[in-house]
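Taking it in order: structure first as structure tokens, then the write-up.
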Amino acid sequence: MPGTMRRAIYPGSFDPPTFGHLDIAERAAGLFDELIVAVGENSDKAPFLPVEDRVAALEECVGSLRNVRVTSFRGLLVDFARGQGCHVLVRGLRAVSDFEYEFRVTMANRRLAPEVETVFLFARDEYSFLASSVVREVNRLGGDVSEFVPEAVRRRLGHSV
């Protein structure tokens, strides 16, 4: 529709945010008029980084992208999308194993909110292995995470930059 803003949500736990997450956010920002990076709060899980730290790190990292805003949400993603007047979800795919999980989530979301579409962006080759769980493990064992996460995240992990 002419004159309609193309708004998308890039949801995730981002625990912690990685260079792969930022790459997807930057590329999605180029495809939509507005991109909402939405950090999901899961009260049943003990997070690695508090949600406030994840939001703050993401805000710092995407601050130069004028059409991107970062927020957190609780509950069903499709309910959050409806509340934001958004009909597009952006998800990143690294490997076939990601597809199986994302397919199930997308089909459930479609049943709950048929008006909300999901689009997938493939990870760049250099980030195809990168997952927050890798960063958490390397960090836990005292390794250098500078190849995996931006400085704004490293500071929140207690690493000197």
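For the structure tokens, the naming scheme is as follows: chains receive sequential letters (A, B, ...) according to their order of presentation, residues are indexed from 1 within each chain, and ligands are indexed from 1 in presentation order.
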Select from chain A everything DSSP, run on the backbone, classes as strand (DSSP E), then give the selection as a compact mmCIF listing (two decimals) with C-alpha atoms, in the first residue's frame.
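part.txt, freshly written:
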```txt
# COMPACT_ATOMS: atom_id res chain seq x y z
CA ARG A 7 7.93 -1.82 10.02
CA ALA A 8 9.60 -5.05 11.13
CA ILE A 9 10.59 -6.63 14.41
CA TYR A 10 13.87 -8.48 14.85
CA PRO A 11 13.25 -10.49 18.03
CA GLY A 12 15.63 -12.54 20.10
CA GLU A 34 11.61 1.01 10.79
CA LEU A 35 13.20 -1.92 12.58
CA ILE A 36 12.42 -2.76 16.18
CA VAL A 37 15.09 -4.92 17.81
CA ALA A 38 13.05 -6.65 20.51
CA VAL A 39 14.79 -8.36 23.42
CA GLY A 40 12.55 -11.07 24.81
CA GLU A 41 12.29 -11.36 28.57
CA VAL A 68 16.26 1.23 14.43
CA ARG A 69 15.00 1.24 17.98
CA VAL A 70 15.63 -1.29 20.72
CA THR A 71 13.16 -2.38 23.35
CA SER A 72 12.27 -5.39 25.44
CA PHE A 73 9.04 -7.35 25.63
CA ARG A 74 7.36 -10.09 27.63
CA VAL A 88 6.77 -8.61 9.72
CA LEU A 89 9.21 -10.56 11.87
CA VAL A 90 12.86 -10.87 10.85
CA ARG A 91 14.83 -13.94 11.85
CA GLY A 92 18.41 -14.95 11.12
CA LEU A 93 19.42 -18.40 9.90
CA GLU A 117 4.76 -12.81 8.23
CA THR A 118 8.27 -14.03 9.00
CA VAL A 119 11.21 -13.30 6.71
CA PHE A 120 14.59 -14.94 7.05
CA LEU A 121 18.02 -13.47 6.45
CA PHE A 122 20.92 -15.86 6.12
```
Near region 45-51 of chain A, 12 Å: region 59-158 of chain A residue rows, closest pairs, only C-alpha atoms, as a Markdown table:
```
| residue | atom | partner | partner_atom | distance |
| --- | --- | --- | --- | --- |
| A:Val70 | CA | A:Val51 | CA | 11.4 |
| A:Thr71 | CA | A:Val51 | CA | 9.6 |
| A:Ser72 | CA | A:Val51 | CA | 7.4 |
| A:Phe73 | CA | A:Val51 | CA | 9.7 |
| A:Arg74 | CA | A:Val51 | CA | 10.9 |
| A:Ser132 | CA | A:Phe48 | CA | 9.7 |
| A:Ser133 | CA | A:Phe48 | CA | 9.7 |
| A:Val135 | CA | A:Phe48 | CA | 10.4 |
| A:Arg136 | CA | A:Phe48 | CA | 7.4 |
| A:Glu137 | CA | A:Phe48 | CA | 10.5 |
| A:Asn139 | CA | A:Phe48 | CA | 10.5 |
| A:Arg140 | CA | A:Phe48 | CA | 10.1 |
| A:Val153 | CA | A:Leu49 | CA | 9.5 |
| A:Arg154 | CA | A:Leu49 | CA | 11.3 |
| A:Arg155 | CA | A:Leu49 | CA | 11.6 |
| A:Arg156 | CA | A:Leu49 | CA | 8.0 |
| A:Leu157 | CA | A:Leu49 | CA | 8.0 |
| A:Gly158 | CA | A:Leu49 | CA | 11.1 |
```
> Quick one: residues within 9 Å of Arg124 (chain A), only C-alpha atoms counted, chain neighbours fewer than 5 positions away excluded, as an NGL selection string?
Replying inline: :A and (20 or 23-24 or 94)
Dump of C-alpha atoms for the selected residues, as a PDB file, in the first residue's frame:
```
ATOM      1  CA  GLY A  20      26.048 -11.923  13.884  1.00  0.00           C
ATOM      2  CA  ASP A  23      24.827  -7.919  10.977  1.00  0.00           C
ATOM      3  CA  ILE A  24      21.224  -9.135  10.688  1.00  0.00           C
ATOM      4  CA  ARG A  94      22.914 -19.819  10.281  1.00  0.00           C
TER       5      ARG A  94
END
```
>> For a quick check of understanding, using only C-alpha atoms, which of A:Pro17, A:Arg66, A:Asp144, A:Asp79 has the smallest distance to Asp53 (chain A)?
In response: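 Under the stated criterion, the closest residue is A:Pro17.
Considering only C-alpha atoms, the residue among A:Ser128, A:Glu52, A:Ala81, A:Val138 positioned nearest to Ser97 (chain A) is A:Ser128.
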